[in-house]
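Colleague: File model-v4.txt below, compact mmCIF, C-alpha atoms:
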# COMPACT_ATOMS: atom_id res chain seq x y z
CA MET A 184 -17.29 32.04 -30.85
CA SER A 185 -14.69 29.62 -29.62
CA ASN A 186 -17.37 27.40 -28.09
CA THR A 187 -19.10 27.12 -31.41
CA LEU A 188 -15.89 26.27 -33.14
CA VAL A 189 -14.84 23.64 -30.59
CA GLU A 190 -18.27 22.03 -30.52
CA SER A 191 -18.56 21.90 -34.27
CA LEU A 192 -15.06 20.55 -34.78
CA PRO A 193 -15.54 16.82 -34.12
CA ARG A 194 -18.77 16.70 -36.11
CA ALA A 195 -17.34 18.67 -38.97
CA SER A 196 -14.17 16.60 -38.96
CA ALA A 197 -16.08 13.34 -38.94
CA ALA A 198 -18.34 14.48 -41.75
CA PHE A 199 -15.36 15.70 -43.70
CA ALA A 200 -13.22 12.67 -43.05
CA ARG A 201 -15.76 9.94 -43.57
CA PRO A 202 -16.02 9.94 -47.35
CA GLN A 203 -12.24 10.07 -47.57
CA LEU A 204 -11.54 7.10 -45.31
CA ALA A 205 -10.41 4.01 -47.11
CA GLY A 206 -12.41 0.94 -46.22
CA THR A 207 -15.23 0.65 -43.76
CA VAL A 208 -15.99 2.94 -40.83
CA TYR A 209 -17.38 1.53 -37.61
CA GLN A 210 -19.28 3.19 -34.78
CA VAL A 211 -18.19 2.27 -31.27
CA LEU A 212 -20.60 3.17 -28.47
CA ILE A 213 -19.03 3.63 -25.04
CA ALA A 214 -22.04 2.62 -22.97
CA ASP A 215 -20.80 4.33 -19.79
CA THR A 216 -20.87 7.81 -21.32
CA SER A 217 -23.01 7.27 -24.46
CA GLU A 218 -20.00 8.65 -26.36
CA VAL A 219 -19.70 7.34 -29.91
CA VAL A 220 -16.24 6.82 -31.33
CA THR A 221 -15.61 6.35 -35.03
CA CYS A 222 -12.98 3.85 -36.11
CA SER A 223 -11.79 3.26 -39.63
CA SER A 224 -10.96 -0.26 -40.71
CA GLY A 225 -7.68 -1.33 -39.10
CA GLN A 226 -7.78 1.43 -36.51
CA ASN A 227 -7.97 0.49 -32.83
CA VAL A 228 -10.75 1.88 -30.63
CA LEU A 229 -8.43 3.97 -28.44
CA ALA A 230 -6.81 5.61 -31.46
CA GLY A 231 -10.26 6.31 -32.91
CA MET A 232 -11.26 7.93 -29.63
CA GLU A 233 -8.12 10.02 -29.32
CA GLN A 234 -8.01 11.13 -32.94
CA LEU A 235 -11.02 13.43 -32.59
CA GLY A 236 -10.37 14.39 -28.98
CA ARG A 237 -13.09 12.12 -27.61
CA LYS A 238 -12.92 10.86 -24.03
CA GLY A 239 -14.31 8.01 -21.97
CA ILE A 240 -11.61 5.34 -22.01
CA PRO A 241 -8.46 6.02 -19.96
CA VAL A 242 -5.35 6.34 -22.14
CA GLY A 243 -2.15 4.69 -20.96
CA CYS A 244 0.70 3.13 -22.92
CA ARG A 245 -1.26 2.51 -26.15
CA GLY A 246 0.79 -0.67 -26.57
CA GLY A 247 -1.18 -3.43 -24.86
CA GLY A 248 1.07 -3.42 -21.81
CA CYS A 249 -0.40 -1.34 -18.97
CA GLY A 250 -4.09 -2.27 -18.91
CA VAL A 251 -5.70 1.07 -18.09
CA CYS A 252 -7.81 1.07 -21.29
CA LYS A 253 -9.42 -2.26 -20.41
CA VAL A 254 -12.98 -2.63 -21.74
CA ARG A 255 -15.70 -5.26 -22.01
CA VAL A 256 -17.23 -5.65 -25.45
CA LEU A 257 -21.00 -6.01 -25.02
CA THR A 258 -21.95 -6.46 -28.66
CA GLY A 259 -20.22 -6.59 -32.01
CA GLU A 260 -17.47 -8.34 -33.96
CA TYR A 261 -13.83 -7.49 -33.43
CA GLU A 262 -10.25 -8.71 -33.50
CA THR A 263 -7.50 -8.07 -30.96
CA GLY A 264 -3.75 -7.62 -31.17
CA ARG A 265 -1.29 -8.94 -28.58
CA MET A 266 -2.15 -7.84 -25.05
CA SER A 267 -0.06 -8.38 -21.93
CA ARG A 268 -1.39 -11.40 -20.04
CA ALA A 269 -0.76 -9.41 -16.86
CA CYS A 270 -3.67 -7.22 -17.98
CA VAL A 271 -6.05 -9.59 -19.81
CA ASN A 272 -5.91 -13.32 -19.12
CA GLN A 273 -7.21 -15.94 -21.52
CA GLU A 274 -10.47 -16.41 -19.64
CA GLU A 275 -11.19 -12.68 -19.70
CA GLN A 276 -10.29 -12.48 -23.37
CA ASP A 277 -12.70 -15.34 -24.13
CA GLU A 278 -15.55 -13.51 -22.44
CA GLY A 279 -15.04 -10.28 -24.42
CA ILE A 280 -12.58 -8.30 -22.32
CA ALA A 281 -9.88 -6.47 -24.23
CA LEU A 282 -7.60 -3.46 -24.16
CA ALA A 283 -9.04 -0.67 -26.31
CA CYS A 284 -5.58 0.05 -27.77
CA LYS A 285 -5.54 -3.49 -29.20
CA LEU A 286 -9.24 -3.72 -30.08
CA TYR A 287 -9.98 -3.59 -33.81
CA PRO A 288 -13.70 -3.40 -34.74
CA LYS A 289 -15.02 -5.67 -37.51
CA GLY A 290 -18.48 -4.13 -37.13
CA ASP A 291 -20.19 -1.59 -34.91
CA LEU A 292 -19.38 -2.21 -31.24
CA GLU A 293 -20.89 -1.46 -27.89
CA LEU A 294 -18.52 -1.55 -24.95
CA GLN A 295 -18.20 -0.84 -21.26
CA VAL A 296 -15.10 0.69 -19.63
CA ILE A 297 -13.36 -1.39 -16.94
CA GLY A 298 -9.95 0.30 -16.65
CA LYS A 299 -9.41 3.33 -14.44
CA MET A 300 -6.75 5.86 -13.69
CA LEU A 301 -5.69 6.08 -10.08
CA ARG A 302 -6.13 9.45 -8.43
CA ALA A 303 -4.55 11.17 -5.43
CA VAL A 304 -1.25 9.57 -4.58
CA THR A 305 -1.68 10.16 -0.89
CA SER A 306 -4.80 8.10 -0.59
CA ILE A 307 -3.27 5.36 -2.70
CA ASN A 308 -0.29 5.18 -0.46
CA ARG A 309 -2.33 5.50 2.72
CA ASN A 310 -4.53 2.62 1.61
CA GLN A 311 -1.50 0.63 0.74
CA HIS A 312 0.13 1.30 4.08
CA ALA A 313 -2.62 -0.67 5.76
CA ALA A 314 -3.19 -3.04 2.88
CA ASP A 315 -2.06 -6.54 2.16
CA GLY A 316 -0.09 -5.93 -1.01
CA HIS A 317 -2.87 -6.67 -3.48
CA GLU A 318 -3.24 -4.37 -6.40
CA PRO A 319 -5.86 -1.69 -5.92
CA GLU A 320 -9.00 -2.41 -7.88
CA ALA A 321 -8.44 0.75 -9.84
CA ALA A 322 -5.16 -0.50 -11.21
CA ALA A 323 -6.93 -2.68 -13.77
CA GLY A 324 -4.38 -5.34 -14.15
CA MET B 189 37.28 9.53 -7.92
CA ALA B 190 37.27 6.81 -5.37
CA MET B 191 34.17 5.00 -6.52
CA THR B 192 33.94 1.51 -5.09
CA GLY B 193 31.35 -1.20 -4.63
CA VAL B 194 28.42 -0.78 -7.01
CA LEU B 195 29.53 1.41 -9.93
CA ARG B 196 26.47 1.87 -12.13
CA PRO B 197 23.33 0.37 -13.64
CA GLY B 198 24.74 -2.13 -16.11
CA HIS B 199 21.71 -3.61 -17.82
CA VAL B 200 17.94 -3.79 -17.81
CA ALA B 201 16.14 -6.88 -19.10
CA LEU B 202 12.70 -6.14 -20.52
CA ARG B 203 9.84 -8.39 -21.63
CA VAL B 204 8.18 -7.41 -24.88
CA LEU B 205 5.06 -8.75 -26.59
CA ASP B 206 6.53 -8.76 -30.10
CA LEU B 207 10.31 -9.00 -30.42
CA ASN B 208 10.60 -7.66 -33.98
CA GLU B 209 8.48 -4.60 -33.20
CA ALA B 210 10.49 -4.02 -30.03
CA VAL B 211 13.84 -4.28 -31.80
CA ARG B 212 12.56 -1.81 -34.37
CA HIS B 213 11.67 0.58 -31.55
CA TYR B 214 14.90 0.25 -29.59
CA VAL B 215 17.17 0.32 -32.66
CA GLU B 216 15.46 2.60 -35.18
CA VAL B 217 13.61 5.00 -32.90
CA LEU B 218 15.61 5.03 -29.67
CA GLY B 219 18.84 4.43 -31.56
CA LEU B 220 20.55 1.65 -29.62
CA PHE B 221 22.87 -0.79 -31.37
CA GLU B 222 22.24 -4.53 -31.47
CA THR B 223 25.33 -6.38 -30.23
CA ALA B 224 24.10 -9.99 -29.98
CA ARG B 225 21.24 -12.46 -30.15
CA ASP B 226 21.33 -15.72 -28.25
CA ASP B 227 19.78 -19.16 -28.68
CA LYS B 228 16.98 -18.20 -26.28
CA GLY B 229 15.88 -15.52 -28.71
CA ARG B 230 17.08 -12.66 -26.54
CA VAL B 231 18.39 -9.51 -28.18
CA PHE B 232 21.21 -7.53 -26.57
CA LEU B 233 21.73 -3.84 -27.25
CA LYS B 234 23.91 -0.94 -26.17
CA ALA B 235 23.97 2.83 -26.51
CA TRP B 236 26.66 4.46 -28.61
CA ASP B 237 28.90 5.76 -25.82
CA GLU B 238 28.70 2.69 -23.59
CA ALA B 239 31.89 0.68 -23.53
CA ASP B 240 30.39 -2.58 -22.29
CA HIS B 241 28.81 -5.21 -24.54
CA HIS B 242 25.16 -4.53 -23.69
CA SER B 243 22.89 -2.48 -21.47
CA VAL B 244 19.42 -3.51 -22.69
CA VAL B 245 18.15 -7.08 -23.07
CA LEU B 246 14.86 -7.82 -24.82
CA ARG B 247 12.91 -11.07 -24.49
CA GLU B 248 9.57 -11.92 -26.10
CA ALA B 249 6.99 -12.93 -23.50
CA ASP B 250 3.23 -12.85 -23.00
CA GLU B 251 3.52 -10.11 -20.35
CA ALA B 252 5.29 -6.76 -20.66
CA GLY B 253 7.53 -5.48 -17.86
CA MET B 254 11.01 -5.91 -16.41
CA ASP B 255 12.72 -9.24 -15.75
CA TYR B 256 15.66 -7.79 -13.84
CA MET B 257 18.16 -4.97 -13.57
CA GLY B 258 21.93 -5.61 -13.42
CA TRP B 259 24.57 -3.58 -11.59
CA ARG B 260 28.25 -3.36 -12.47
CA VAL B 261 30.46 -3.63 -9.36
CA ALA B 262 34.10 -2.59 -9.14
CA SER B 263 35.86 -5.95 -8.92
CA ASP B 264 35.50 -9.69 -8.42
CA ALA B 265 36.35 -9.21 -4.75
CA GLU B 266 33.60 -6.61 -4.38
CA LEU B 267 31.17 -8.96 -6.10
CA GLU B 268 31.94 -11.73 -3.60
CA ARG B 269 31.82 -9.33 -0.65
CA LEU B 270 28.47 -7.79 -1.67
CA ALA B 271 26.96 -11.23 -2.38
CA GLY B 272 27.90 -12.26 1.15
CA ASP B 273 26.59 -9.03 2.65
CA LEU B 274 23.27 -9.39 0.80
CA GLN B 275 22.79 -12.95 2.05
CA ALA B 276 23.62 -11.90 5.61
CA SER B 277 21.39 -8.80 5.53
CA GLY B 278 18.02 -10.48 5.90
CA LEU B 279 16.71 -7.86 3.45
CA ALA B 280 16.88 -9.83 0.20
CA SER B 281 15.76 -13.29 -0.94
CA ASP B 282 15.94 -15.87 -3.76
CA PHE B 283 19.73 -15.77 -4.07
CA SER B 284 21.42 -17.45 -6.99
CA TRP B 285 24.59 -17.31 -9.03
CA ILE B 286 24.07 -17.09 -12.80
CA ALA B 287 26.95 -18.72 -14.69
CA ALA B 288 29.40 -16.65 -16.71
CA GLY B 289 28.34 -16.55 -20.35
CA GLU B 290 24.62 -16.83 -19.66
CA HIS B 291 24.53 -13.25 -20.88
CA PRO B 292 26.97 -13.10 -23.79
CA ALA B 293 30.31 -11.45 -23.02
CA THR B 294 29.44 -11.28 -19.33
CA GLY B 295 30.94 -12.82 -16.19
CA LYS B 296 28.99 -14.56 -13.46
CA ARG B 297 26.12 -12.63 -11.91
CA PHE B 298 24.75 -12.73 -8.38
CA ARG B 299 20.97 -12.55 -8.49
CA PHE B 300 18.61 -11.60 -5.64
CA THR B 301 15.11 -10.27 -5.05
CA ILE B 302 14.60 -7.01 -3.14
CA PRO B 303 11.69 -6.21 -0.77
CA THR B 304 9.66 -4.43 -3.50
CA GLY B 305 9.76 -7.71 -5.48
CA HIS B 306 12.23 -6.65 -8.17
CA VAL B 307 15.00 -9.00 -9.27
CA MET B 308 18.48 -7.41 -9.19
CA GLU B 309 21.88 -8.71 -10.24
CA LEU B 310 25.46 -7.78 -9.50
CA TYR B 311 28.34 -8.62 -11.85
CA SER B 312 31.92 -7.49 -12.18
CA GLN B 313 32.86 -8.32 -15.76
CA LYS B 314 31.46 -7.54 -19.18
CA ASP B 315 33.53 -7.42 -22.36
CA VAL B 316 34.34 -4.01 -23.73
CA VAL B 317 32.91 -3.42 -27.20
CA GLY B 318 33.68 0.25 -27.00
CA CYS B 319 32.47 3.47 -28.55
CA ASN B 320 33.04 3.79 -32.29
CA THR B 321 35.05 6.98 -31.79
CA GLY B 322 37.72 4.87 -30.15
CA TYR B 323 39.61 5.94 -27.06
CA THR B 324 42.64 7.64 -28.57
CA ASN B 325 42.16 11.22 -29.76
CA PRO B 326 38.42 10.54 -30.21
CA ASP B 327 35.87 12.67 -32.00
CA PRO B 328 33.02 13.79 -29.72
CA TRP B 329 30.50 11.40 -31.29
CA PRO B 330 30.60 8.65 -33.89
CA ASP B 331 29.15 8.55 -37.40
CA GLY B 332 26.18 6.34 -38.12
CA LEU B 333 23.90 7.40 -35.27
CA ARG B 334 20.17 7.13 -35.94
CA GLY B 335 16.98 7.83 -34.08
CA ILE B 336 17.19 9.56 -30.73
CA ALA B 337 20.65 8.09 -30.02
CA PRO B 338 21.14 8.54 -26.27
CA SER B 339 24.70 8.06 -25.04
CA ARG B 340 23.88 5.54 -22.31
CA PHE B 341 21.30 3.66 -20.27
CA ASP B 342 21.03 5.74 -17.12
CA HIS B 343 18.49 4.53 -14.53
CA CYS B 344 15.15 2.83 -13.87
CA LEU B 345 12.13 3.92 -11.86
CA LEU B 346 10.35 0.99 -10.24
CA TYR B 347 7.08 0.59 -8.33
CA GLY B 348 6.64 -1.65 -5.30
CA ASP B 349 5.16 -1.99 -1.86
CA ASP B 350 7.96 -2.41 0.69
CA LEU B 351 9.80 0.81 -0.10
CA ASP B 352 11.33 0.95 3.38
CA GLY B 353 12.96 -2.46 3.00
CA THR B 354 14.27 -1.74 -0.48
CA VAL B 355 15.73 1.65 0.51
CA LYS B 356 17.35 0.09 3.58
CA LEU B 357 18.92 -2.59 1.39
CA PHE B 358 20.29 -0.15 -1.19
CA VAL B 359 21.61 2.26 1.44
CA GLU B 360 22.93 -0.06 4.15
CA VAL B 361 24.07 -3.05 2.10
CA LEU B 362 24.86 -1.67 -1.35
CA GLY B 363 26.15 1.73 -0.21
CA PHE B 364 23.76 4.02 -2.12
CA GLY B 365 22.87 7.54 -0.99
CA VAL B 366 19.36 9.03 -0.92
CA ALA B 367 19.64 12.01 -3.25
CA GLU B 368 15.93 12.89 -3.02
CA GLN B 369 12.89 11.60 -1.22
CA VAL B 370 9.13 12.23 -1.23
CA LEU B 371 7.42 12.20 2.16
CA ALA B 372 3.66 12.01 2.64
CA GLY B 373 1.38 13.12 5.45
CA PRO B 374 2.02 14.16 9.04
CA ASP B 375 3.84 10.91 9.77
CA LYS B 376 6.20 11.64 6.84
CA LEU B 377 5.77 8.26 5.19
CA MET B 378 8.39 7.86 2.47
CA ILE B 379 6.56 7.32 -0.83
CA GLY B 380 9.45 7.98 -3.21
CA ALA B 381 13.22 7.44 -3.03
CA PHE B 382 15.84 8.50 -5.58
CA LEU B 383 19.02 6.55 -4.93
CA SER B 384 22.55 7.18 -6.19
CA CYS B 385 25.65 4.99 -6.18
CA SER B 386 27.58 7.58 -8.20
CA ASN B 387 27.65 11.30 -9.00
CA LYS B 388 24.23 11.09 -10.67
CA PRO B 389 21.02 12.36 -9.03
CA HIS B 390 19.67 8.83 -9.34
CA ASP B 391 20.83 5.43 -10.52
CA VAL B 392 17.54 3.86 -9.51
CA ALA B 393 14.33 5.23 -8.02
CA PHE B 394 11.38 3.60 -6.29
CA ILE B 395 7.81 4.77 -5.74
CA ARG B 396 5.67 3.14 -3.07
CA GLN B 397 2.64 1.50 -4.68
CA PRO B 398 0.62 -1.49 -3.47
CA VAL B 399 2.15 -3.81 -6.07
CA LYS B 400 5.16 -6.08 -6.36
CA ASN B 401 7.84 -5.95 -9.03
CA LYS B 402 6.39 -3.30 -11.34
CA PHE B 403 8.33 -1.32 -13.92
CA HIS B 404 7.73 2.40 -14.47
CA HIS B 405 10.49 3.34 -16.91
CA ALA B 406 14.01 2.85 -18.16
CA SER B 407 15.83 6.09 -18.85
CA PHE B 408 18.53 6.99 -21.35
CA LEU B 409 20.79 10.03 -21.33
CA LEU B 410 20.84 12.91 -23.81
CA ASP B 411 23.10 15.98 -23.73
CA ASN B 412 20.72 18.88 -23.45
CA TRP B 413 17.25 20.34 -23.75
CA ASN B 414 17.48 20.73 -27.52
CA GLU B 415 18.13 17.01 -27.90
CA ILE B 416 15.01 16.32 -25.80
CA LEU B 417 12.99 18.50 -28.17
CA LYS B 418 14.47 16.71 -31.16
CA ALA B 419 13.64 13.38 -29.52
CA ALA B 420 10.02 14.54 -29.33
CA ASP B 421 10.13 15.31 -33.07
CA ILE B 422 11.48 11.84 -33.81
CA LEU B 423 8.85 10.17 -31.61
CA SER B 424 6.02 12.04 -33.29
CA LYS B 425 7.45 11.41 -36.76
CA ARG B 426 7.60 7.69 -35.96
CA LYS B 427 4.11 7.77 -34.37
CA VAL B 428 5.46 6.43 -31.08
CA SER B 429 3.12 6.68 -28.10
CA ILE B 430 4.24 9.77 -26.14
CA ASP B 431 3.32 9.89 -22.45
CA ILE B 432 4.30 13.43 -21.45
CA GLY B 433 6.85 16.06 -22.35
CA PRO B 434 9.13 17.62 -23.28
CA THR B 435 9.10 19.07 -19.77
CA ARG B 436 11.18 19.25 -16.60
CA HIS B 437 11.16 17.18 -13.45
CA GLY B 438 11.30 19.03 -10.13
CA ILE B 439 12.87 15.92 -8.66
CA THR B 440 16.44 15.58 -10.05
CA ARG B 441 15.88 18.77 -12.17
CA GLY B 442 16.07 16.57 -15.26
CA GLU B 443 14.69 17.69 -18.63
CA THR B 444 12.58 14.86 -19.93
CA ILE B 445 10.21 13.21 -22.32
CA TYR B 446 8.39 9.96 -21.50
CA PHE B 447 7.20 7.57 -24.19
CA PHE B 448 6.35 3.90 -24.58
CA ASP B 449 7.94 1.04 -26.45
CA SER B 450 5.73 -1.11 -28.67
CA SER B 451 4.73 -3.31 -25.69
CA GLY B 452 3.83 -0.47 -23.32
CA ASN B 453 7.07 -0.39 -21.36
CA ARG B 454 7.80 3.26 -20.59
CA ASN B 455 11.06 4.79 -21.79
CA GLU B 456 12.52 8.17 -20.90
CA VAL B 457 15.20 10.26 -22.48
CA PHE B 458 16.47 13.01 -20.24
CA SER B 459 19.26 15.53 -19.79
CA GLY B 460 20.50 17.82 -17.06
CA GLY B 461 20.24 17.26 -13.35
CA TYR B 462 23.12 17.92 -11.01
CA ILE B 463 26.24 16.37 -9.53
CA TYR B 464 25.55 14.24 -6.50
CA TYR B 465 28.13 13.57 -3.79
CA PRO B 466 27.52 11.29 -0.81
CA ASP B 467 27.69 14.29 1.56
CA LYS B 468 25.08 16.30 -0.36
CA PRO B 469 22.01 16.98 1.81
CA THR B 470 19.02 14.86 0.80
CA ILE B 471 16.36 16.88 -1.04
CA THR B 472 12.88 16.33 0.39
CA TRP B 473 9.58 16.83 -1.43
CA THR B 474 6.28 16.85 0.43
CA ASP B 475 3.23 15.13 -1.00
CA ASP B 476 1.28 18.41 -1.30
CA GLN B 477 3.94 19.50 -3.84
CA LEU B 478 4.06 16.20 -5.68
CA GLY B 479 2.69 17.80 -8.88
CA PRO B 480 5.66 20.14 -9.48
CA ALA B 481 8.02 17.55 -7.98
CA ILE B 482 7.21 15.17 -10.80
CA PHE B 483 6.42 17.57 -13.66
CA TYR B 484 7.66 21.04 -12.74
CA HIS B 485 5.81 22.99 -15.44
CA ASP B 486 2.49 21.13 -15.31
CA ARG B 487 2.48 21.41 -11.49
CA LYS B 488 -0.43 19.03 -11.02
CA ILE B 489 -0.57 15.36 -10.16
CA ASN B 490 -0.32 13.35 -13.34
CA ASP B 491 -2.66 10.38 -13.14
CA ALA B 492 -0.86 8.43 -15.84
CA PHE B 493 2.48 8.76 -14.03
CA LEU B 494 0.96 6.95 -11.06
CA THR B 495 -1.29 4.48 -12.86
CA VAL B 496 0.47 3.41 -16.03
CA TYR B 497 3.19 0.81 -15.54
CA THR B 498 4.07 -2.71 -16.67
Spit out the file's structure as structure tokens when you get a sec.

Modeller:
Amino acid sequence: MSNTLVESLPRASAAFARPQLAGTVYQVLIADTSEVVTCSSGQNVLAGMEQLGRKGIPVGCRGGGCGVCKVRVLTGEYETGRMSRACVNQEEQDEGIALACKLYPKGDLELQVIGKMLRAVTSINRNQHAADGHEPEAAAG
Amino acid sequence: MAMTGVLRPGHVALRVLDLNEAVRHYVEVLGLFETARDDKGRVFLKAWDEADHHSVVLREADEAGMDYMGWRVASDAELERLAGDLQASGLASDFSWIAAGEHPATGKRFRFTIPTGHVMELYSQKDVVGCNTGYTNPDPWPDGLRGIAPSRFDHCLLYGDDLDGTVKLFVEVLGFGVAEQVLAGPDKLMIGAFLSCSNKPHDVAFIRQPVKNKFHHASFLLDNWNEILKAADILSKRKVSIDIGPTRHGITRGETIYFFDSSGNRNEVFSGGYIYYPDKPTITWTDDQLGPAIFYHDRKINDAFLTVYT
């Protein structure tokens, strides 16, 4: 029973919500997981993902500051809001890298996830103990 | 009480991506009061019960994060003594004196960089603006509060690599005590330190991470658990990005909610904890219990706590 309800919820919600959304609705394909996120006009990709309980892009500060939701846009038109240069430099931005929380689709998008959450504090700190002070690759910025 | 040397965290200077959005967050949602703007575009704010002119400084920049944290010391003589001790310690670097007035209403500041890469300052004078209740027969709180309205800026949690060096500096040079620590593995590597210069469970805390000069959160004090719950209501009403909570920390026993400012800098409002004295035994957490140490009810390691910082 509950499985049916949970599984039908996103679909039902999307179907219900779509005619009511003002403006255009865009489909965003997360290539890594084949998950499709729906974004209304003016809504960022991360918010679109979170709104219907979708997953695939790590969620951090939601403010363009921490960098864990970093993605590469493979195809499609978009705009970005202000993102911390500590997370996305100009060169990266020019080649289609953005933070999903500041990524506003202007058409359907296809993207690849770059940002990651760190796991297991002990291994992080063990690695660091022997390391040279560089950020771990998982820190995404 | 006979508190000497470093008295308290006096200010935290944060970089924000959009100044107007940030001011809206810190004034309307968090509920601080703007006390000044300067010709560099910086905005200075204080909490309602803080006597001194400002405790939060905002500056628009292209990267989020913390510029520096300032510490109020007991006197001019203590400022000079500690500046000398820091320079002689071999534990800090990049020393400089910042002229009086560079922060409005503030005396000269001694600036230095600690082994984890964070910039710290000591100062001994800041003009008293005061609490609106006044100091003679005061009411318990003033009219005109809005938003979450914490009573003061309380502490920061910072991430950096050379935790050992930073803890040594705060303990041996600046006179802090280690209220709580997190030790990892059979060799008991210290991966977290909660340091107090007062009766609080922490005035600053550091987590060992393979980065320099990273900011985890700035925390502001509320009275009780019900105010934390109300803060959560305000944050959700204002559609502010909530990280986790309301919940309780094992470490410090604080009741807490974490959220983010408009540039991704993490804020906390918290209440509770305990009274710390310098002779209180240090509380130790082991890394296998890090889940409940950080979030006591959730009890599992929170990836965002370790990964998300500016």

Colleague: Which residues of chain B are close to chain A, meaning at most 6 Å apart when you count all atoms listed in the file, and how do they look as a list in words?

Modeller: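 That gives Asp250, Glu251, Ala252, Pro398, Val399, Phe448, Ser450, Ser451, Gly452, Asp491, Thr495, Val496, Tyr497 and Thr498 of chain B for chain B.
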
Colleague: Suppose you want the space between atom CA of B:His213 and atom CA of B:Phe382; what is it in Å?

Modeller: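 For atom CA of B:His213 relative to atom CA of B:Phe382, the distance reads 27.5 Å.
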
Colleague: Which value, in Å to one decimal, gives the distance between atom CA of B:Ile445 and atom CA of B:His485?

Modeller: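 Those two atoms sit 12.7 Å apart.
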
Colleague: Tell me which protein, DNA and RNA residues are within 7 Å of A:Lys253, counting only C-alpha atoms, leaving out same-chain ones fewer than 2 positions away, and put them as a VMD selection string.

Modeller: chain A and resid 250 to 251 281 to 283 296 to 298

Colleague: Rounded to one decimal place, report the atom CA of B:Arg436-atom CA of B:Glu368 distance in Å.

Modeller: 15.7 Å

Colleague: Excluding same-chain residues fewer than 4 positions from stretch 214-222 of chain A, what lies within 10 Å of it counting all atoms listed in the file, as an MDAnalysis selection string?

Modeller: chainID A and resid 197 201 204 207:210 226:240 256:257 287:297

Colleague: Using all atoms listed in the file, pick whichever of B:Lys418, B:Arg487, B:Arg230, B:Arg247 has the shortest atom-to-atom distance to B:Ile336.

Modeller: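 Of B:Lys418, B:Arg487, B:Arg230, B:Arg247, the one nearest B:Ile336 is B:Lys418, counting all atoms listed in the file.
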
Colleague: Copy stretch 224-243 of chain A out of the block into a file, keeping C-alpha atoms, as a PDB file, in the first residue's frame.

Modeller:
ATOM      1  CA  SER A 224      10.749  28.920 -15.133  1.00  0.00           C
ATOM      2  CA  GLY A 225      12.863  30.819 -12.610  1.00  0.00           C
ATOM      3  CA  GLN A 226      13.410  27.774 -10.417  1.00  0.00           C
ATOM      4  CA  ASN A 227      16.945  26.470  -9.924  1.00  0.00           C
ATOM      5  CA  VAL A 228      17.790  22.848 -10.702  1.00  0.00           C
ATOM      6  CA  LEU A 229      18.529  21.888  -7.089  1.00  0.00           C
ATOM      7  CA  ALA A 230      15.210  23.301  -5.877  1.00  0.00           C
ATOM      8  CA  GLY A 231      13.423  21.457  -8.687  1.00  0.00           C
ATOM      9  CA  MET A 232      15.124  18.248  -7.602  1.00  0.00           C
ATOM     10  CA  GLU A 233      14.367  18.699  -3.913  1.00  0.00           C
ATOM     11  CA  GLN A 234      10.783  19.814  -4.370  1.00  0.00           C
ATOM     12  CA  LEU A 235       9.574  16.362  -5.423  1.00  0.00           C
ATOM     13  CA  GLY A 236      12.016  14.416  -3.279  1.00  0.00           C
ATOM     14  CA  ARG A 237      14.278  13.522  -6.200  1.00  0.00           C
ATOM     15  CA  LYS A 238      17.934  12.688  -5.622  1.00  0.00           C
ATOM     16  CA  GLY A 239      21.166  12.638  -7.585  1.00  0.00           C
ATOM     17  CA  ILE A 240      22.821  15.977  -6.871  1.00  0.00           C
ATOM     18  CA  PRO A 241      24.297  16.493  -3.389  1.00  0.00           C
ATOM     19  CA  VAL A 242      22.516  19.236  -1.440  1.00  0.00           C
ATOM     20  CA  GLY A 243      24.616  21.662   0.587  1.00  0.00           C
TER      21      GLY A 243
END
